[in-house]
$ cat start35.cif   # mmCIF, C-alpha atoms
data_model
loop_
_atom_site.label_atom_id
_atom_site.label_comp_id
_atom_site.auth_asym_id
_atom_site.auth_seq_id
_atom_site.Cartn_x
_atom_site.Cartn_y
_atom_site.Cartn_z
CA MET J 1 5.62 -22.02 -13.54
CA PRO J 2 4.03 -19.20 -11.49
CA VAL J 3 0.29 -19.23 -10.90
CA SER J 4 -1.50 -16.40 -12.72
CA ARG J 5 -3.49 -13.81 -10.79
CA ARG J 6 -6.81 -15.11 -12.07
CA THR J 7 -6.05 -18.77 -11.28
CA HIS J 8 -4.39 -18.22 -7.91
CA PRO J 9 -6.36 -20.43 -5.46
CA PHE J 10 -6.81 -17.56 -3.01
CA PHE J 11 -8.16 -15.32 -5.78
CA ILE J 12 -10.70 -17.93 -6.88
CA ALA J 13 -11.90 -18.63 -3.33
CA PHE J 14 -12.00 -14.96 -2.42
CA THR J 15 -13.86 -13.93 -5.56
CA ALA J 16 -16.57 -16.40 -4.61
CA LEU J 17 -16.65 -14.95 -1.09
CA VAL J 18 -16.99 -11.40 -2.42
CA MET J 19 -19.96 -12.45 -4.50
CA VAL J 20 -21.65 -13.68 -1.34
CA ILE J 21 -20.77 -10.53 0.64
CA ALA J 22 -21.68 -8.11 -2.15
CA GLY J 23 -25.18 -9.54 -2.35
CA PRO J 24 -27.53 -9.25 -5.30
CA VAL J 25 -25.69 -6.97 -7.69
CA SER J 26 -25.15 -7.41 -11.40
CA ALA J 27 -22.46 -9.96 -12.32
CA PRO J 28 -19.92 -7.43 -13.70
CA ALA J 29 -20.19 -5.39 -10.50
CA GLN J 30 -19.31 -8.42 -8.41
CA GLN J 31 -16.12 -9.44 -10.22
CA ALA J 32 -13.26 -8.80 -7.84
CA GLU J 33 -10.07 -7.56 -9.42
CA TYR J 34 -6.87 -8.80 -7.89
CA ILE J 35 -4.42 -5.97 -7.19
CA ALA J 36 -1.41 -7.53 -5.44
CA THR J 37 -0.12 -9.93 -2.82
CA HIS J 38 2.22 -8.82 -0.06
CA ARG J 39 3.46 -11.79 1.92
CA ASP J 40 0.33 -13.18 3.67
CA TRP J 41 -2.11 -10.46 2.53
CA HIS J 42 -3.95 -10.00 -0.75
CA ALA J 43 -5.42 -6.73 -2.10
CA PHE J 44 -8.57 -6.57 -4.27
CA GLN J 45 -11.05 -4.07 -5.64
CA TYR J 46 -14.48 -4.22 -7.24
CA THR J 47 -17.36 -1.93 -8.16
CA GLU J 48 -20.59 -2.00 -6.18
CA ASN J 49 -23.52 0.14 -7.36
CA GLY J 50 -21.09 2.23 -9.43
CA ASN J 51 -18.75 2.84 -6.49
CA ARG J 52 -15.30 1.42 -5.92
CA VAL J 53 -14.74 -0.94 -2.98
CA CYS J 54 -11.21 -1.97 -2.02
CA TYR J 55 -10.16 -4.55 0.53
CA VAL J 56 -7.33 -6.69 1.81
CA ALA J 57 -7.76 -10.25 2.97
CA SER J 58 -5.85 -13.04 4.62
CA GLN J 59 -6.47 -16.52 5.93
CA PRO J 60 -5.23 -17.98 9.22
CA THR J 61 -1.82 -19.61 9.34
CA ARG J 62 -3.23 -21.89 12.07
CA GLU J 63 -6.80 -22.90 12.97
CA GLU J 64 -7.46 -24.64 16.29
CA GLY J 65 -10.65 -26.09 17.75
CA ASN J 66 -12.50 -29.34 18.28
CA TYR J 67 -14.74 -29.10 15.23
CA THR J 68 -15.57 -31.67 12.57
CA GLN J 69 -16.56 -29.30 9.78
CA ARG J 70 -15.75 -25.68 9.10
CA GLY J 71 -15.98 -23.43 6.06
CA ASP J 72 -13.48 -20.91 4.74
CA VAL J 73 -12.00 -18.49 7.27
CA PHE J 74 -10.90 -14.93 6.33
CA VAL J 75 -10.10 -11.55 7.78
CA LEU J 76 -10.97 -8.50 5.69
CA VAL J 77 -10.18 -4.80 5.91
CA THR J 78 -12.46 -2.84 3.58
CA HIS J 79 -12.63 0.71 2.18
CA ARG J 80 -15.86 2.14 0.74
CA PRO J 81 -14.91 5.75 -0.12
CA ALA J 82 -18.37 6.65 -1.45
CA GLU J 83 -19.74 5.90 2.04
CA ASN J 84 -16.82 7.59 3.85
CA SER J 85 -15.97 4.17 5.23
CA ARG J 86 -12.34 3.18 5.68
CA ASN J 87 -10.50 0.32 7.42
CA VAL J 88 -13.61 -1.67 8.35
CA VAL J 89 -12.41 -4.94 9.88
CA SER J 90 -14.46 -8.13 9.63
CA PHE J 91 -13.80 -11.78 10.28
CA ILE J 92 -15.63 -14.52 8.35
CA THR J 93 -15.30 -17.60 10.53
CA GLY J 94 -16.56 -20.60 8.57
CA TYR J 95 -19.29 -21.39 11.10
CA THR J 96 -22.20 -19.61 12.80
CA TYR J 97 -21.18 -17.84 15.99
CA GLU J 98 -23.00 -18.48 19.23
CA ALA J 99 -25.90 -15.99 19.45
CA GLY J 100 -24.96 -12.89 21.43
CA SER J 101 -21.32 -13.93 21.73
CA THR J 102 -18.25 -11.79 21.28
CA VAL J 103 -14.90 -12.49 19.66
CA SER J 104 -11.55 -11.56 21.15
CA VAL J 105 -8.71 -10.32 18.97
CA GLU J 106 -5.21 -10.08 20.36
CA ILE J 107 -2.24 -8.52 18.59
CA ASP J 108 1.21 -9.74 19.66
CA ASN J 109 -0.06 -10.84 23.09
CA THR J 110 -0.46 -7.19 24.11
CA GLU J 111 -3.38 -5.35 22.49
CA GLN J 112 -6.89 -6.74 23.02
CA PHE J 113 -10.08 -5.97 21.08
CA THR J 114 -13.62 -7.29 21.53
CA LEU J 115 -15.82 -7.72 18.47
CA ILE J 116 -19.54 -8.35 18.12
CA THR J 117 -20.93 -11.25 16.07
CA ASN J 118 -23.78 -11.95 13.68
CA ASN J 119 -24.17 -15.33 11.97
CA ASP J 120 -20.66 -16.16 10.64
CA THR J 121 -19.13 -12.68 10.85
CA ALA J 122 -17.52 -10.58 13.59
CA TRP J 123 -17.01 -6.79 13.48
CA THR J 124 -15.79 -4.04 15.75
CA ARG J 125 -18.42 -1.87 17.42
CA ASP J 126 -17.52 1.35 15.60
CA ALA J 127 -15.11 3.14 13.26
CA GLN J 128 -12.91 4.31 16.13
CA VAL J 129 -12.22 0.70 17.19
CA ASP J 130 -11.65 -0.25 13.53
CA GLN J 131 -8.95 2.43 13.27
CA ALA J 132 -7.28 1.27 16.49
CA LEU J 133 -7.38 -2.38 15.40
CA VAL J 134 -5.92 -1.60 11.97
CA GLY J 135 -3.20 0.51 13.62
CA ALA J 136 -2.31 -2.43 15.87
CA MET J 137 -2.34 -4.78 12.88
CA ARG J 138 0.08 -2.51 11.01
CA ALA J 139 2.45 -2.50 13.98
CA GLY J 140 2.09 -6.18 14.89
CA LEU J 141 3.42 -9.52 13.76
CA THR J 142 0.68 -11.94 14.85
CA MET J 143 -3.07 -11.68 15.41
CA VAL J 144 -5.01 -14.30 17.39
CA VAL J 145 -8.80 -14.46 17.08
CA ARG J 146 -10.92 -16.48 19.53
CA GLY J 147 -14.62 -17.22 19.09
CA THR J 148 -17.36 -19.71 19.97
CA SER J 149 -19.60 -21.48 17.49
CA SER J 150 -23.35 -21.91 17.87
CA ARG J 151 -22.56 -25.48 18.99
CA GLY J 152 -20.29 -24.23 21.76
CA THR J 153 -17.01 -25.06 20.02
CA LEU J 154 -14.16 -22.73 20.94
CA THR J 155 -11.86 -21.80 18.05
CA THR J 156 -8.56 -20.01 17.90
CA ASP J 157 -7.32 -18.66 14.57
CA THR J 158 -3.82 -17.27 14.22
CA TYR J 159 -3.04 -14.81 11.43
CA SER J 160 0.31 -13.55 10.23
CA LEU J 161 0.39 -9.77 9.89
CA ARG J 162 3.39 -9.88 7.52
CA GLY J 163 2.47 -7.78 4.49
CA VAL J 164 -0.66 -6.13 5.88
CA THR J 165 0.82 -2.62 5.80
CA ALA J 166 1.91 -2.91 2.15
CA ALA J 167 -1.45 -4.45 1.17
CA LEU J 168 -3.30 -1.62 2.91
CA ARG J 169 -1.20 0.91 0.99
CA GLU J 170 -2.30 -0.82 -2.23
CA ILE J 171 -5.99 -0.39 -1.43
CA ASP J 172 -5.44 3.19 -0.25
CA ARG J 173 -4.06 3.94 -3.72
CA ALA J 174 -6.72 1.92 -5.54
CA CYS J 175 -9.52 3.74 -3.71
CA GLY J 176 -7.84 7.15 -3.94
CA LEU J 177 -7.32 7.59 -0.20
#
$ encode --input "start35.cif" --output "structure tokens"
Amino acid sequence: MPVSRRTHPFFIAFTALVMVIAGPVSAPAQQAEYIATHRDWHAFQYTENGNRVCYVASQPTREEGNYTQRGDVFVLVTHRPAENSRNVVSFITGYTYEAGSTVSVEIDNTEQFTLITNNDTAWTRDAQVDQALVGAMRAGLTMVVRGTSSRGTLTTDTYSLRGVTAALREIDRACGL
């Protein structure tokens, strides 16, 4: 029997994550609505302060590192049309990054990107790099993300990029882009 949208394990875990990311907003505004799954990528939307927010998310297909405990790991690509913000890439790593460290992202062993970190999240430096990274993701098959925890543990997370283009099309439609 297929798992329903609302009981899909990824949906449940990701809805909880959105509530943390969205911050202190009213409960109905935080409820993420599942849109679709395309291979390894999931599309969602929700309303924040009366404005639509759409995003895709995926989890690593492989996590490597000498760690004993680690939280949930995700990559997100988010649209916030009311803020003229599109294709913002962020990585939630399941641990606190080393202060002042950077994260390397490699697409198909060819394209390299360097991201900045804060607590458990890594971002690109600006919208131009976001656009380039998303373009590489759309064209690629595999994304490898390397970072260092506050305890000095090196991690390598490998993501499949199968389905990212179709999932991004879903959020483009959902957010009217």
$ atom_distance --input "start35.cif" --atom1 "CA of Thr153 (chain J)" --atom2 "CA of Ala136 (chain J)"
27.3 Å
$ axis_aligned_box --input "start35.cif" --around "region 142-161 of chain J" --padding-each-side "6 Å" --output "lines of an AutoDock Vina configuration file"
center_x = -11.3
center_y = -17.6
center_z = 15.8
size_x = 36.0
size_y = 27.7
size_z = 23.9
$ resolve_selection --input "start35.cif" --expression "the PyMOL selection byres ((chain J and resi 130-134) around 12)" --output "JSON list (two decimals) with C-alpha atoms, keeping the file's coordinate frame"
[["chain", "number", "residue", "atom", "x", "y", "z"],
["J", 56, "VAL", "CA", -7.33, -6.69, 1.81],
["J", 75, "VAL", "CA", -10.10, -11.55, 7.78],
["J", 76, "LEU", "CA", -10.97, -8.50, 5.69],
["J", 77, "VAL", "CA", -10.18, -4.80, 5.91],
["J", 78, "THR", "CA", -12.46, -2.84, 3.58],
["J", 79, "HIS", "CA", -12.63, 0.71, 2.18],
["J", 85, "SER", "CA", -15.97, 4.17, 5.23],
["J", 86, "ARG", "CA", -12.34, 3.18, 5.68],
["J", 87, "ASN", "CA", -10.50, 0.32, 7.42],
["J", 88, "VAL", "CA", -13.61, -1.67, 8.35],
["J", 89, "VAL", "CA", -12.41, -4.94, 9.88],
["J", 90, "SER", "CA", -14.46, -8.13, 9.63],
["J", 104, "SER", "CA", -11.55, -11.56, 21.15],
["J", 105, "VAL", "CA", -8.71, -10.32, 18.97],
["J", 106, "GLU", "CA", -5.21, -10.08, 20.36],
["J", 107, "ILE", "CA", -2.24, -8.52, 18.59],
["J", 111, "GLU", "CA", -3.38, -5.35, 22.49],
["J", 112, "GLN", "CA", -6.89, -6.74, 23.02],
["J", 113, "PHE", "CA", -10.08, -5.97, 21.08],
["J", 114, "THR", "CA", -13.62, -7.29, 21.53],
["J", 115, "LEU", "CA", -15.82, -7.72, 18.47],
["J", 122, "ALA", "CA", -17.52, -10.58, 13.59],
["J", 123, "TRP", "CA", -17.01, -6.79, 13.48],
["J", 124, "THR", "CA", -15.79, -4.04, 15.75],
["J", 125, "ARG", "CA", -18.42, -1.87, 17.42],
["J", 126, "ASP", "CA", -17.52, 1.35, 15.60],
["J", 127, "ALA", "CA", -15.11, 3.14, 13.26],
["J", 128, "GLN", "CA", -12.91, 4.31, 16.13],
["J", 129, "VAL", "CA", -12.22, 0.70, 17.19],
["J", 135, "GLY", "CA", -3.20, 0.51, 13.62],
["J", 136, "ALA", "CA", -2.31, -2.43, 15.87],
["J", 137, "MET", "CA", -2.34, -4.78, 12.88],
["J", 138, "ARG", "CA", 0.08, -2.51, 11.01],
["J", 139, "ALA", "CA", 2.45, -2.50, 13.98],
["J", 140, "GLY", "CA", 2.09, -6.18, 14.89],
["J", 143, "MET", "CA", -3.07, -11.68, 15.41],
["J", 161, "LEU", "CA", 0.39, -9.77, 9.89],
["J", 164, "VAL", "CA", -0.66, -6.13, 5.88],
["J", 165, "THR", "CA", 0.82, -2.62, 5.80],
["J", 168, "LEU", "CA", -3.30, -1.62, 2.91]]
$ atom_distance --input "start35.cif" --atom1 "CA of Tyr55 (chain J)" --atom2 "CA of Ala36 (chain J)"
11.0 Å
$ closest_residue --input "start35.cif" --among "J:Thr158, J:Thr142, J:Ser149, J:Gln59" --to "Phe74 (chain J)" --atoms "all atoms listed in the file"
J:Gln59
$ atom_distance --input "start35.cif" --atom1 "CA of Thr102 (chain J)" --atom2 "CA of Arg146 (chain J)"
8.9 Å
$ closest_residue --input "start35.cif" --among "J:Val53, J:Glu33, J:Tyr95, J:Ser58" --to "Arg70 (chain J)" --atoms "all atoms listed in the file"
J:Tyr95
$ decode --input "start35.cif" --residues "region 63-111 of chain J" --atoms "C-alpha atoms" --output "mmCIF file, in the first residue's frame"
data_model
loop_
_atom_site.group_PDB
_atom_site.id
_atom_site.type_symbol
_atom_site.label_atom_id
_atom_site.label_comp_id
_atom_site.auth_asym_id
_atom_site.auth_seq_id
_atom_site.Cartn_x
_atom_site.Cartn_y
_atom_site.Cartn_z
ATOM 1 C CA GLU J 63 26.980 10.442 4.588
ATOM 2 C CA GLU J 64 30.641 9.941 5.505
ATOM 3 C CA GLY J 65 32.623 11.107 8.525
ATOM 4 C CA ASN J 66 33.994 9.940 11.841
ATOM 5 C CA TYR J 67 31.144 11.239 13.994
ATOM 6 C CA THR J 68 29.183 9.559 16.768
ATOM 7 C CA GLN J 69 26.038 11.666 16.589
ATOM 8 C CA ARG J 70 24.524 13.764 13.846
ATOM 9 C CA GLY J 71 21.097 15.260 13.221
ATOM 10 C CA ASP J 72 19.075 15.361 10.020
ATOM 11 C CA VAL J 73 20.889 16.499 6.879
ATOM 12 C CA PHE J 74 19.119 18.339 4.015
ATOM 13 C CA VAL J 75 19.743 20.517 1.004
ATOM 14 C CA LEU J 76 17.110 23.131 0.164
ATOM 15 C CA VAL J 77 16.472 25.406 -2.790
ATOM 16 C CA THR J 78 13.959 28.104 -1.837
ATOM 17 C CA HIS J 79 11.842 30.715 -3.651
ATOM 18 C CA ARG J 80 10.393 33.731 -1.821
ATOM 19 C CA PRO J 81 8.703 35.718 -4.624
ATOM 20 C CA ALA J 82 7.486 38.501 -2.314
ATOM 21 C CA GLU J 83 11.149 39.229 -1.517
ATOM 22 C CA ASN J 84 12.318 38.788 -5.143
ATOM 23 C CA SER J 85 14.327 35.824 -3.914
ATOM 24 C CA ARG J 86 14.694 32.769 -6.115
ATOM 25 C CA ASN J 87 16.851 29.624 -6.064
ATOM 26 C CA VAL J 88 18.443 30.270 -2.663
ATOM 27 C CA VAL J 89 20.535 27.206 -1.822
ATOM 28 C CA SER J 90 21.151 26.133 1.767
ATOM 29 C CA PHE J 91 22.521 23.041 3.432
ATOM 30 C CA ILE J 92 21.376 21.958 6.912
ATOM 31 C CA THR J 93 24.134 19.687 8.152
ATOM 32 C CA GLY J 94 22.980 18.037 11.378
ATOM 33 C CA TYR J 95 25.833 19.515 13.419
ATOM 34 C CA THR J 96 27.328 22.942 14.158
ATOM 35 C CA TYR J 97 29.975 23.960 11.642
ATOM 36 C CA GLU J 98 33.410 25.036 12.759
ATOM 37 C CA ALA J 99 33.311 28.814 13.340
ATOM 38 C CA GLY J 100 34.497 30.753 10.294
ATOM 39 C CA SER J 101 34.720 27.628 8.148
ATOM 40 C CA THR J 102 33.579 27.177 4.578
ATOM 41 C CA VAL J 103 31.882 24.279 2.821
ATOM 42 C CA SER J 104 32.863 22.958 -0.586
ATOM 43 C CA VAL J 105 30.247 21.789 -3.064
ATOM 44 C CA GLU J 106 31.270 19.833 -6.127
ATOM 45 C CA ILE J 107 28.981 18.872 -8.986
ATOM 46 C CA ASP J 108 30.005 15.819 -11.032
ATOM 47 C CA ASN J 109 33.690 16.209 -10.078
ATOM 48 C CA THR J 110 33.925 19.321 -12.264
ATOM 49 C CA GLU J 111 32.180 22.430 -10.899
#
